[in-house]
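Structure first, commentary second.
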Amino acid sequence: MEIRALRAGDDLAAQLDLSERAFGVKNASERESWRGFMDIAISTGAALGVFDDGRAVGGAVYYDMRQWWCGRAVPMAGVSGVKIAPEDRGRGIGRRMMTMLLDDIAAHGYPLAVLYPATMPLYRSLGWELAGGRYLAEVPSRSLWSLLPPDTAIADKAVADASAGRPGRPELRRAGPADAQAVIDVIGRVHEALRDSGPVTWGADMTAIHLGEPDRYHYLCDDGFASYSWQDGSDKLFVRSVQGATAETVRGLWSVIASHGTMAESVRAWTDPSGPLWWLTAERDPDVRSRSMWMLRVVDAAAAIAARGFPAAVSMRATLIIDDQSRPANSGRWLLTVTDGKGELTPAGTSAGHGLMLGARGLAALYAGTPVATLRQAGLAGGAAGPAADAALDAAFAATPYILDAF
């Protein structure tokens with residue numbers, strides 16, 4: 001059995017066959033995008049293949065991404081396409097491949113790794129844990145025709161701003177592959193301004209592929225971005241993304257979506273579960289149709305804490321006692337310090353006192369904002385840190401993580 005990085009000369013048709021046997025047959029557009037993604041992953045050494053006597057029996061890739069935590073971008077490996085040939089499952093190939101993939105992600109300096117699991121026991125055994133969701137909302141088109149107006153005082157302020165020559169509705173333009181870096185920059189500014197936790201931004205090459213996919217339509221302005229398509233064989237509009245930093249931009253982007261109301265029966269949208277959509281409709285028509293959970297792995301604990309954002313008003317210190325069997329460098333007694341919106345994890349001696357005991361799964365869940373009481377109840381945290389220390393950790397890591405993208 002050989003597990004190695006895929007090379008430019010390897011048979012991609014064999015990898016595509018494995019992917020389609022695992023996840024379903026792709027249409028022509030999806031195959032073209034898949035090949036583009038694979039070319040990028042292979043060129044950066046981020047695609048693994050498993051071979052048994054030369055026969056492709058498995059594979060996985062990871063993408064260079066940034067995940068936003070409390071408004072700060074953390075380098076993240078987006079793990080995707082994990083598959084084993086159906087006739088070779090149950091031989092332990094997946095564990096060996098994922099162990100090597102995790103080592104490779106660490107060697108490339110990523111503090112975090114994220115994936116969408118088809119099954120969780122393997123990933124949990126290697127330190128991944130549930131961290132957030134991808135939420136699909138559906139709303140009848142009629143509910144978007146007339147968005148709920150702002151409160152009177154806010155509306156009066158908007159009128160005053162307009163009369164003073166300040167911008168109101170944003171000037172939108174169509175976006176394509178050449179706008180990849182502009183899209184990345186705008187989305188980053190939105191997540192930073194809103195102090196978002198969970199969303200991801202792709203690298204420029206991958207973003208360009210997304211922007212060039214046929215039958216997807218993209219609009220960009222100085223502080224917002226929207227992307228949508230028509231759902232195959234239906235009269236449903238499928239919103240991939242509506243992201244804006246200001247109320248005017250959010251309303252302007254949703255107005256573009258609403259303008260399809262005479263053609264679309266309903267709109268389905270990937271959305272923040274606590275985003276503005278729920279407060280823009282007059283009735284409670286929007287509904288969550290599905291939630292796809294994703295898993296987080298803290299690959300380098302100290303680097304992940306240093307890169308993450310924290311609430312500016314929180315100032316705290318706590319001792320964490322971490323036992324990470326797959327990444328031993330994370331193990332040990334650590335002093336966590338949070339102040340001025342930044343965190344630091346430094347080695348602590350035994351004099352640091354009692355601390356919160358965590359395995360790799362508990363550390364991932366804590367990083368994603370899971371309350372310490374929940375971690376204790378689920379058997380993912382222990383130790384006599386005390387109620388005050390638990391509350392301080394909850395305040396520091398507070399988040400409602402979500403992702404709009406699939407990978």
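Following the order of the structure tokens, first chain is A, next is B, and so on, with residues numbered from 1 inside each chain and ligands from 1 in the order they appear.
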
List every residue of range 103-258 of chain A that DSSP, applied to the backbone of this structure, places in helix (DSSP H, G or I), and write the result as a ChimeraX atom specification. /A:103-107,121-125,142-145,152-163,177-194,204-211,247-258

What's the 9 Å shell around Ser255 in chain A, counting only C-alpha atoms, without same-chain residues fewer than 3 positions away, as a count of residues only? 9

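Checking A:Ala22, A:Leu211, A:Ala388, A:Met65 one by one against Tyr110 in chain A, counting only C-alpha atoms, you find the shortest gap at A:Met65.
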
Listing only residues of range 202-276 of chain A within 8 Å of range 36-59 of chain A, what is the closest atom pair and its distance in Å (to one decimal) for each, using only C-alpha atoms, sorted by chain and residue number ascending, as JSON lines?
{"residue": "A:Asp205", "atom": "CA", "partner": "A:Ile40", "partner_atom": "CA", "distance": 7.7}
{"residue": "A:Met206", "atom": "CA", "partner": "A:Phe37", "partner_atom": "CA", "distance": 6.8}
{"residue": "A:Ile209", "atom": "CA", "partner": "A:Gly36", "partner_atom": "CA", "distance": 7.2}

Selection export as a PDB file, in the first residue's frame, atoms kept: N, CA and C atoms:
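Dumped everything to out.pdb:
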ATOM      1  N   ASP A 205      -6.926  31.681  -6.758  1.00  0.00           N
ATOM      2  CA  ASP A 205      -7.130  30.724  -7.856  1.00  0.00           C
ATOM      3  C   ASP A 205      -8.465  30.010  -7.719  1.00  0.00           C
ATOM      4  N   MET A 206      -8.764  29.572  -6.515  1.00  0.00           N
ATOM      5  CA  MET A 206     -10.027  28.861  -6.286  1.00  0.00           C
ATOM      6  C   MET A 206     -11.217  29.800  -6.434  1.00  0.00           C
ATOM      7  N   ILE A 209     -12.116  30.253 -10.027  1.00  0.00           N
ATOM      8  CA  ILE A 209     -12.871  29.123 -10.578  1.00  0.00           C
ATOM      9  C   ILE A 209     -14.344  29.256 -10.214  1.00  0.00           C
TER      10      ILE A 209
END

Could you work out how far CA of Tyr62 in chain A lies from CA of Ala5 in chain A, giving the answer in Å with one decimal?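 Computed distance, CA of Ala5 in chain A to CA of Tyr62 in chain A, equals 11.5 Å.
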
Name the residues of range 17-217 of chain A that come out as strand (DSSP E) in a backbone DSSP run; write them as a ChimeraX atom specification. /A:47-52,55-69,72-84,112-115,129-140,173-174,200-202,216-217

Write to file, as an mmCIF file, in the first residue's frame, the residues of the selection just made, with C-alpha atoms.
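What follows is the written file part07.cif:
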data_model
loop_
_atom_site.group_PDB
_atom_site.id
_atom_site.type_symbol
_atom_site.label_atom_id
_atom_site.label_comp_id
_atom_site.auth_asym_id
_atom_site.auth_seq_id
_atom_site.Cartn_x
_atom_site.Cartn_y
_atom_site.Cartn_z
ATOM 1 C CA ALA A 47 -3.710 16.101 -2.796
ATOM 2 C CA LEU A 48 -3.068 12.600 -1.497
ATOM 3 C CA GLY A 49 -3.641 9.348 -3.340
ATOM 4 C CA VAL A 50 -3.673 5.788 -2.054
ATOM 5 C CA PHE A 51 -2.479 3.016 -4.363
ATOM 6 C CA ASP A 52 -2.592 -0.758 -3.963
ATOM 7 C CA ARG A 55 -4.470 0.700 -8.455
ATOM 8 C CA ALA A 56 -6.065 3.907 -7.104
ATOM 9 C CA VAL A 57 -8.050 2.947 -3.988
ATOM 10 C CA GLY A 58 -8.397 6.269 -2.147
ATOM 11 C CA GLY A 59 -7.691 9.950 -2.068
ATOM 12 C CA ALA A 60 -8.200 13.253 -0.284
ATOM 13 C CA VAL A 61 -7.298 16.903 -0.809
ATOM 14 C CA TYR A 62 -7.160 20.059 1.246
ATOM 15 C CA TYR A 63 -7.554 23.634 0.100
ATOM 16 C CA ASP A 64 -5.708 26.739 1.229
ATOM 17 C CA MET A 65 -8.365 28.796 3.009
ATOM 18 C CA ARG A 66 -8.871 31.368 5.741
ATOM 19 C CA GLN A 67 -11.498 30.887 8.429
ATOM 20 C CA TRP A 68 -12.775 33.911 10.319
ATOM 21 C CA TRP A 69 -12.974 33.818 14.098
ATOM 22 C CA ARG A 72 -9.834 37.683 12.376
ATOM 23 C CA ALA A 73 -8.689 35.405 9.550
ATOM 24 C CA VAL A 74 -6.967 32.176 10.625
ATOM 25 C CA PRO A 75 -5.109 30.022 8.051
ATOM 26 C CA MET A 76 -7.155 26.851 7.587
ATOM 27 C CA ALA A 77 -6.911 23.656 5.545
ATOM 28 C CA GLY A 78 -10.297 22.813 4.057
ATOM 29 C CA VAL A 79 -10.298 19.010 3.793
ATOM 30 C CA SER A 80 -12.373 17.614 0.949
ATOM 31 C CA GLY A 81 -12.951 14.608 -1.272
ATOM 32 C CA VAL A 82 -12.042 11.968 1.310
ATOM 33 C CA LYS A 83 -12.919 8.694 -0.375
ATOM 34 C CA ILE A 84 -12.013 4.998 -0.375
ATOM 35 C CA LEU A 112 -6.794 24.683 11.820
ATOM 36 C CA ALA A 113 -8.417 22.066 9.585
ATOM 37 C CA VAL A 114 -12.121 21.808 8.747
ATOM 38 C CA LEU A 115 -14.183 19.162 6.963
ATOM 39 C CA GLU A 129 -15.176 17.620 16.566
ATOM 40 C CA LEU A 130 -18.450 19.261 15.555
ATOM 41 C CA ALA A 131 -18.026 23.015 15.557
ATOM 42 C CA GLY A 132 -20.727 24.689 13.475
ATOM 43 C CA GLY A 133 -23.226 24.357 10.668
ATOM 44 C CA ARG A 134 -24.059 25.278 7.108
ATOM 45 C CA TYR A 135 -27.655 26.490 7.131
ATOM 46 C CA LEU A 136 -30.028 26.407 4.165
ATOM 47 C CA ALA A 137 -33.029 28.696 4.542
ATOM 48 C CA GLU A 138 -36.078 28.831 2.279
ATOM 49 C CA VAL A 139 -38.444 31.767 1.920
ATOM 50 C CA PRO A 140 -41.352 32.360 -0.477
ATOM 51 C CA ARG A 173 -21.511 45.557 -10.715
ATOM 52 C CA ARG A 174 -21.230 42.082 -12.162
ATOM 53 C CA VAL A 200 -14.231 31.016 5.041
ATOM 54 C CA THR A 201 -12.457 32.793 2.222
ATOM 55 C CA TRP A 202 -10.716 30.896 -0.566
ATOM 56 C CA ARG A 216 -23.880 31.286 -11.437
ATOM 57 C CA TYR A 217 -24.354 35.040 -11.201
#

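By chain and then residue number, the residues within 8 Å of range 225-233 of chain A are Val183, Val186, Ile187, Asp215, Arg216, Tyr217, His218, Tyr219, Leu220, Cys221, Asp223, Asp235, Lys236, Leu237, Phe238, Val239, Arg240, Ser241, Val242, Gln243, Gly244 and Leu253 of chain A, counting only C-alpha atoms and disregarding those fewer than 2 positions away in sequence.
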
File dump, residues just selected, C-alpha atoms, as an mmCIF file, in the first residue's frame:
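Listing of part-v6.cif after writing:
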data_model
loop_
_atom_site.group_PDB
_atom_site.id
_atom_site.type_symbol
_atom_site.label_atom_id
_atom_site.label_comp_id
_atom_site.auth_asym_id
_atom_site.auth_seq_id
_atom_site.Cartn_x
_atom_site.Cartn_y
_atom_site.Cartn_z
ATOM 1 C CA VAL A 183 -14.177 39.577 -4.005
ATOM 2 C CA VAL A 186 -14.635 42.651 0.142
ATOM 3 C CA ILE A 187 -15.767 39.444 1.869
ATOM 4 C CA ASP A 215 -25.025 29.498 -14.591
ATOM 5 C CA ARG A 216 -23.880 31.286 -11.437
ATOM 6 C CA TYR A 217 -24.354 35.040 -11.201
ATOM 7 C CA HIS A 218 -22.272 37.342 -9.026
ATOM 8 C CA TYR A 219 -22.624 40.966 -7.941
ATOM 9 C CA LEU A 220 -20.020 43.051 -6.146
ATOM 10 C CA CYS A 221 -19.866 46.459 -4.498
ATOM 11 C CA ASP A 223 -18.749 46.475 0.956
ATOM 12 C CA ASP A 235 -38.451 27.580 -10.339
ATOM 13 C CA LYS A 236 -36.357 28.007 -7.198
ATOM 14 C CA LEU A 237 -33.624 30.595 -6.926
ATOM 15 C CA PHE A 238 -30.550 29.313 -5.108
ATOM 16 C CA VAL A 239 -28.615 31.995 -3.222
ATOM 17 C CA ARG A 240 -25.030 30.997 -2.548
ATOM 18 C CA SER A 241 -24.062 34.134 -0.690
ATOM 19 C CA VAL A 242 -25.398 37.527 0.381
ATOM 20 C CA GLN A 243 -22.823 39.359 2.486
ATOM 21 C CA GLY A 244 -22.759 43.039 3.301
ATOM 22 C CA LEU A 253 -28.237 42.862 -2.438
#

Give the answer as one residue: which of A:Leu6, A:Val338, A:Leu404, A:Met98 has the shortest atom-to-atom distance to Arg317 in chain A, using only C-alpha atoms? A:Val338

Tell me which of A:Val25, A:Met293, A:Ala153, A:Ala193 sits closest to Met120 in chain A, counting only C-alpha atoms. A:Met293

With distances taken over only C-alpha atoms, which residue among A:Gly383, A:Gly198, A:Gly127, A:Gly349 lies nearest Pro328 in chain A?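 Nearest candidate to Pro328 in chain A out of A:Gly383, A:Gly198, A:Gly127, A:Gly349: A:Gly127.
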